[in-house]
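Dropping query.txt in here (compact mmCIF, C-alpha atoms):
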```
# COMPACT_ATOMS: atom_id res chain seq x y z
CA MET P 1 -18.97 -15.55 4.78
CA CYS P 2 -17.28 -15.36 1.39
CA ASP P 3 -20.37 -14.13 -0.43
CA GLN P 4 -21.05 -11.31 2.06
CA LYS P 5 -21.67 -8.03 0.23
CA PRO P 6 -19.06 -5.37 1.09
CA ASP P 7 -19.85 -1.90 2.44
CA LEU P 8 -19.84 0.10 -0.79
CA SER P 9 -19.90 3.44 1.02
CA THR P 10 -16.18 3.01 1.67
CA PHE P 11 -15.37 1.46 -1.71
CA ASN P 12 -12.13 2.76 -3.27
CA ILE P 13 -13.32 4.17 -6.59
CA GLU P 14 -9.75 4.18 -7.91
CA THR P 15 -10.24 0.43 -8.28
CA PHE P 16 -12.15 1.34 -11.45
CA GLN P 17 -9.71 1.98 -14.29
CA ASP P 18 -12.15 4.29 -16.11
CA ALA P 19 -11.12 7.88 -15.24
CA ASP P 20 -14.45 9.27 -16.44
CA LEU P 21 -16.34 6.91 -14.13
CA GLN P 22 -14.14 7.95 -11.23
CA GLN P 23 -14.89 11.63 -11.86
CA ARG P 24 -18.63 11.01 -12.05
CA LEU P 25 -18.61 9.06 -8.79
CA LYS P 26 -16.61 11.83 -7.10
CA LYS P 27 -19.14 14.40 -8.30
CA ILE P 28 -22.01 12.34 -6.85
CA LEU P 29 -20.17 11.92 -3.56
CA GLN P 30 -19.52 15.68 -3.31
CA CYS P 31 -23.21 16.52 -3.69
CA LYS P 32 -24.16 18.29 -0.43
CA THR P 33 -26.78 20.92 -1.29
CA THR P 34 -30.01 21.24 -3.24
CA GLU P 35 -28.12 23.22 -5.90
CA ASP P 36 -25.59 20.38 -6.17
CA MET P 37 -28.46 17.92 -6.53
CA GLU P 38 -30.02 19.87 -9.39
CA GLU P 39 -26.63 19.99 -11.11
CA ILE P 40 -26.25 16.22 -10.71
CA LYS P 41 -29.67 15.65 -12.28
CA ALA P 42 -28.88 17.95 -15.20
CA GLU P 43 -25.40 16.58 -15.93
CA LEU P 44 -25.57 12.94 -14.81
CA GLY P 45 -29.28 12.19 -14.47
CA ASP P 46 -29.64 10.18 -17.70
CA TRP P 47 -26.46 8.23 -16.99
CA ILE P 48 -27.52 7.43 -13.42
CA ALA P 49 -30.94 6.31 -14.68
CA GLU P 50 -29.20 3.97 -17.16
CA CYS P 51 -27.38 2.46 -14.17
CA GLY P 52 -30.75 1.19 -12.94
CA ILE P 53 -31.74 4.17 -10.78
CA PRO P 54 -34.67 5.81 -12.68
CA ASN P 55 -35.91 7.63 -9.57
CA VAL P 56 -32.83 9.88 -9.60
CA PHE P 57 -34.91 12.77 -11.02
CA SER P 58 -37.15 12.78 -7.95
CA ALA P 59 -34.31 12.19 -5.49
CA VAL P 60 -33.15 14.63 -2.83
CA VAL P 61 -29.77 15.25 -1.24
CA ALA P 62 -30.47 12.68 1.48
CA ASP P 63 -30.68 10.01 -1.26
CA ILE P 64 -27.13 10.64 -2.49
CA PRO P 65 -25.43 7.92 -0.36
CA SER P 66 -27.89 5.36 -1.70
CA ILE P 67 -27.47 6.55 -5.30
CA TYR P 68 -23.68 6.46 -4.93
CA GLU P 69 -23.72 2.87 -3.67
CA GLN P 70 -26.22 1.77 -6.33
CA VAL P 71 -24.02 3.14 -9.14
CA ILE P 72 -21.00 1.31 -7.74
CA SER P 73 -23.09 -1.84 -7.35
CA HIS P 74 -24.17 -1.53 -10.98
CA TYR P 75 -20.59 -1.42 -12.23
CA LEU P 76 -19.34 -4.08 -9.84
CA TYR P 77 -22.18 -6.59 -10.08
CA HIS P 78 -25.19 -5.96 -12.32
CA ARG P 79 -23.38 -4.82 -15.47
CA VAL P 80 -21.33 -8.04 -15.53
CA ALA P 81 -23.96 -10.35 -14.01
CA SER P 82 -24.70 -12.25 -17.22
CA MET P 83 -20.99 -12.88 -17.85
CA ILE P 84 -20.52 -14.08 -14.28
CA GLN P 85 -23.51 -16.40 -14.59
CA GLN P 86 -22.03 -17.93 -17.74
CA PHE P 87 -18.70 -18.35 -15.96
CA VAL P 88 -20.34 -20.05 -12.95
CA ALA P 89 -22.37 -22.32 -15.22
CA GLY P 90 -19.22 -23.29 -17.08
CA MET P 91 -17.40 -24.06 -13.82
CA ASP P 92 -20.31 -26.12 -12.51
CA ALA P 93 -20.40 -28.08 -15.77
CA CYS P 94 -17.10 -29.57 -14.61
CA GLY P 95 -18.32 -31.65 -11.68
CA GLN P 96 -19.93 -28.74 -9.82
CA LEU P 97 -16.51 -27.09 -9.48
CA TRP P 98 -17.94 -23.67 -8.59
CA GLN P 99 -19.76 -25.22 -5.62
CA THR P 100 -16.39 -26.48 -4.42
CA VAL P 101 -14.92 -22.99 -4.84
CA GLN P 102 -17.71 -21.50 -2.72
CA ARG P 103 -17.23 -24.09 0.03
CA ARG P 104 -13.44 -23.59 0.00
CA CYS P 105 -13.38 -19.89 -0.85
CA THR P 106 -10.34 -19.16 1.32
CA ASN P 107 -8.26 -21.78 -0.47
CA PHE P 108 -9.27 -20.46 -3.90
CA ALA P 109 -8.89 -16.76 -3.01
CA THR P 110 -5.42 -16.36 -4.50
CA MET P 111 -6.58 -17.94 -7.76
CA PHE P 112 -9.60 -15.69 -8.27
CA THR P 113 -8.42 -12.53 -6.54
CA TYR P 114 -5.61 -10.29 -7.71
CA THR P 115 -3.32 -9.68 -4.77
CA HIS P 116 -0.22 -7.87 -5.89
CA GLU P 117 2.81 -8.78 -3.80
CA LYS P 118 6.21 -7.36 -4.62
CA LEU P 119 8.70 -9.90 -5.90
CA SER P 120 11.75 -10.77 -3.83
CA ARG P 121 15.26 -11.84 -4.76
CA SER P 122 14.43 -15.45 -3.87
CA ASP P 123 11.33 -15.29 -6.12
CA ILE P 124 13.51 -14.38 -9.12
CA ARG P 125 16.17 -16.93 -8.24
CA ASP P 126 13.59 -19.71 -7.92
CA LEU P 127 11.81 -18.69 -11.12
CA PHE P 128 14.68 -19.27 -13.54
CA ASN P 129 16.29 -22.58 -14.39
CA ILE P 130 19.89 -22.11 -15.53
CA LYS P 131 20.89 -23.98 -18.69
CA TRP P 132 24.53 -24.75 -17.95
CA SER P 133 27.17 -26.01 -20.35
CA PRO P 134 28.79 -29.37 -19.40
CA GLN P 135 30.72 -29.36 -16.13
CA GLY P 136 34.44 -28.74 -16.67
CA SER P 137 34.07 -26.97 -20.00
CA ASN P 138 35.43 -23.47 -20.66
CA ASN P 139 31.92 -22.22 -21.28
CA ARG P 140 30.80 -23.55 -17.90
CA GLU P 141 33.50 -21.60 -16.09
CA ARG P 142 32.51 -18.40 -17.89
CA GLU P 143 28.83 -19.06 -17.17
CA GLU P 144 29.58 -19.45 -13.47
CA ASP P 145 31.27 -16.02 -13.56
CA THR P 146 28.13 -14.60 -15.16
CA ILE P 147 25.80 -16.12 -12.58
CA PHE P 148 27.98 -14.83 -9.76
CA LEU P 149 27.56 -11.31 -11.15
CA TRP P 150 23.83 -11.99 -11.70
CA GLU P 151 23.50 -12.83 -7.99
CA CYS P 152 25.39 -9.66 -7.07
CA TRP P 153 23.04 -7.65 -9.29
CA LEU P 154 19.96 -9.16 -7.65
CA MET P 155 21.37 -8.36 -4.25
CA SER P 156 22.00 -4.76 -5.30
CA ILE P 157 18.34 -4.44 -6.33
CA GLU P 158 17.24 -5.96 -3.03
CA ASN P 159 19.37 -3.43 -1.16
CA LYS P 160 17.94 -0.61 -3.33
CA GLU P 161 21.39 0.28 -4.62
CA LEU P 162 20.19 0.29 -8.24
CA ASP P 163 17.40 2.02 -10.15
CA GLY P 164 15.43 -1.12 -10.95
CA THR P 165 13.01 -3.65 -9.49
CA PHE P 166 12.50 -7.40 -9.64
CA GLU P 167 9.25 -6.69 -11.51
CA ASP P 168 11.33 -4.99 -14.24
CA ILE P 169 13.29 -8.22 -14.67
CA LEU P 170 10.12 -10.29 -14.86
CA ILE P 171 8.57 -7.98 -17.46
CA PHE P 172 11.76 -7.99 -19.51
CA ALA P 173 12.02 -11.80 -19.50
CA THR P 174 8.35 -12.84 -19.70
CA GLY P 175 6.22 -9.83 -20.64
CA ALA P 176 4.25 -10.25 -17.38
CA ASP P 177 4.43 -7.93 -14.39
CA SER P 178 3.54 -10.70 -11.94
CA VAL P 179 3.74 -14.47 -11.78
CA PRO P 180 0.39 -16.04 -12.81
CA PRO P 181 -1.47 -17.82 -9.96
CA LEU P 182 -0.95 -21.18 -11.70
CA GLY P 183 2.56 -20.31 -12.83
CA PHE P 184 3.86 -19.88 -16.35
CA PRO P 185 2.98 -22.49 -19.01
CA GLN P 186 6.62 -23.56 -19.12
CA GLU P 187 9.76 -23.14 -17.08
CA CYS P 188 11.58 -19.81 -17.29
CA GLU P 189 15.24 -20.22 -18.23
CA ILE P 190 18.54 -18.38 -18.22
CA GLN P 191 20.65 -19.17 -21.27
CA PHE P 192 23.99 -17.76 -22.34
CA TYR P 193 25.56 -16.21 -25.43
CA ASP P 194 28.99 -15.10 -26.64
CA GLN P 195 28.14 -12.31 -29.07
CA GLU P 196 28.98 -8.72 -28.19
CA ARG P 197 25.52 -7.39 -27.43
CA ILE P 198 23.44 -6.38 -24.44
CA PRO P 199 21.36 -9.03 -22.60
CA TYR P 200 18.10 -9.86 -24.36
CA SER P 201 15.06 -12.06 -23.90
CA SER P 202 12.40 -14.04 -25.70
CA THR P 203 9.11 -13.47 -23.89
CA CYS P 204 7.43 -16.19 -25.96
CA ALA P 205 9.98 -18.82 -24.93
CA LEU P 206 10.40 -17.32 -21.42
CA VAL P 207 14.17 -17.20 -21.84
CA LEU P 208 16.55 -14.56 -20.49
CA TYR P 209 19.90 -14.49 -22.30
CA LEU P 210 23.00 -13.38 -20.37
CA PRO P 211 26.53 -12.87 -21.71
CA ARG P 212 29.36 -15.26 -20.92
CA GLY P 213 32.80 -14.06 -19.97
CA ILE P 214 32.11 -10.75 -18.24
CA THR P 215 34.06 -10.52 -15.00
CA GLU P 216 33.59 -6.86 -14.04
CA GLU P 217 30.56 -6.27 -11.83
CA THR P 218 30.11 -2.67 -12.97
CA GLU P 219 30.12 -3.66 -16.65
CA PHE P 220 27.57 -6.42 -16.02
CA LYS P 221 25.24 -4.10 -14.10
CA ASP P 222 25.49 -1.43 -16.78
CA LEU P 223 24.62 -3.93 -19.53
CA LEU P 224 21.56 -5.23 -17.69
CA LEU P 225 20.29 -1.77 -16.79
CA LEU P 226 20.76 -0.73 -20.42
CA ALA P 227 18.78 -3.76 -21.57
CA LEU P 228 15.92 -3.05 -19.18
CA LYS P 229 15.85 0.64 -20.00
CA TYR P 230 15.68 0.22 -23.78
CA SER P 231 13.59 -2.92 -24.08
CA PHE P 232 10.62 -2.18 -26.31
CA GLY P 233 8.05 -4.75 -25.22
CA PHE P 234 6.79 -8.09 -26.42
CA GLY P 235 9.04 -10.42 -28.41
CA LYS P 236 12.80 -10.13 -28.38
CA ALA P 237 14.35 -7.15 -26.72
```
Encoded form (structure tokens):
Amino acid sequence: MCDQKPDLSTFNIETFQDADLQQRLKKILQCKTTEDMEEIKAELGDWIAECGIPNVFSAVVADIPSIYEQVISHYLYHRVASMIQQFVAGMDACGQLWQTVQRRCTNFATMFTYTHEKLSRSDIRDLFNIKWSPQGSNNREREEDTIFLWECWLMSIENKELDGTFEDILIFATGADSVPPLGFPQECEIQFYDQERIPYSSTCALVLYLPRGITEETEFKDLLLLALKYSFGFGKA
């Protein structure tokens, strides 16, 4: 069932982003002797008690697996319980939507669960809508040259011939390292420019700007790699 509690004894503590929490959990897990137990009580006893385990000071080595799982349970469930309850209540205020999520948990899993999947060339191609100049214009011909080189560049990344990833492109163009479960609020676009400058982006507008008129594949690749390497984050790069 979707609400079945997982086996916390095998929980990957690296899931927690807090390095200090990871170290404390490792120390608890490595407790094997009475001396180790006394050290745990002296160093971490108050903290463990604050996690809802006040009997830690009377515990013995045999209690360590239970203490370990209870601390993880505290950080996974109890510490955020009130926030989760508010979230559930808010969802149910909209026509008992959370009840629907529970009944159809498999269908909603991708929306509520982060599952990182590496982007592919087709993902990037499908993501961007190309804003072409009118058919038959000089700009259109130069833009078609650019997109041809763009496709070659994507293929080189797919074949691992370049030091770059499709995630790098997404971050550069949108500021996000993955596509949101419900998609971006607006369509991502490729637009073109004539100025002599490296490719740039507007993460607010979700627009990637590529140069018209470049016909050399090496030059195009170098410009894009330079843009990705020296982009400085949110806004225009």
Practice item. Would you kindly return, as a PyMOL selection string, each protein, DNA or RNA residue with an atom no farther than 8 Å from any atom of P:Ile40, considering all atoms listed in the file and excluding same-chain residues fewer than 6 positions away? Key: chain P and resi 27-28+31
Check your understanding: Hey, what's within 6 Å of P:Thr203 if we count all atoms listed in the file and toss same-chain stuff fewer than 3 positions away? As a list of chain:residue names, please?
Key -> P:Ala173, P:Thr174, P:Gly175, P:Leu206, P:Gly235
Would you write out those residues with C-alpha atoms, as a PDB file, in the frame of the given file?
```
ATOM      1  CA  ALA P 173      12.020 -11.800 -19.500  1.00  0.00           C
ATOM      2  CA  THR P 174       8.350 -12.840 -19.700  1.00  0.00           C
ATOM      3  CA  GLY P 175       6.220  -9.830 -20.640  1.00  0.00           C
ATOM      4  CA  LEU P 206      10.400 -17.320 -21.420  1.00  0.00           C
ATOM      5  CA  GLY P 235       9.040 -10.420 -28.410  1.00  0.00           C
TER       6      GLY P 235
END
```
Check your understanding: Which is closer to P:Pro185 than all the others in P:Thr110, P:Arg142, P:Tyr200, P:Ala205, using all atoms listed in the file?
Key ->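 For P:Pro185, the nearest of the given residues is P:Ala205.
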Review point. In Å to one decimal, how far is atom CA of P:Arg212 from atom CA of P:Ser133?
Key: 11.0 Å
Check your understanding: Given the choices P:Gln70, P:Thr106, P:Gln96, P:Asn129, which gets closest to P:Gly52 if the distance is worked out from all atoms listed in the file?
Key ->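 Residue with the minimum atom-to-atom distance to P:Gly52: P:Gln70.
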Review point. Between P:Glu143, P:Leu226, P:Glu161, P:Glu167, which is the closest to P:Asp194 once you count only C-alpha atoms?
Key: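 Result for the nearest residue to P:Asp194: P:Glu143.
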Point to revise | One-decimal distance in Å that lies between atom CA of P:Arg121 and atom CA of P:Glu158 | key: 6.4 Å
Point to revise | atom CA of P:Glu151 to atom CA of P:Glu217, straight-line distance in Å | key: 10.4 Å
Practice item. Just the residues within 10 Å of stretch 11-19 of chain P, please, counting all atoms listed in the file, with nothing from its chain fewer than 5 positions along; format it as a ChimeraX atom specification. Key: /P:6,24-26,69,72,75-76
Practice item. Find the spatial neighbours of P:Leu162, counting all atoms listed in the file, within a cut-off of 10 Å - ignore same-chain residues fewer than 6 positions away - and output them as number ranges by chain. Key: P: 153-156, 221, 225
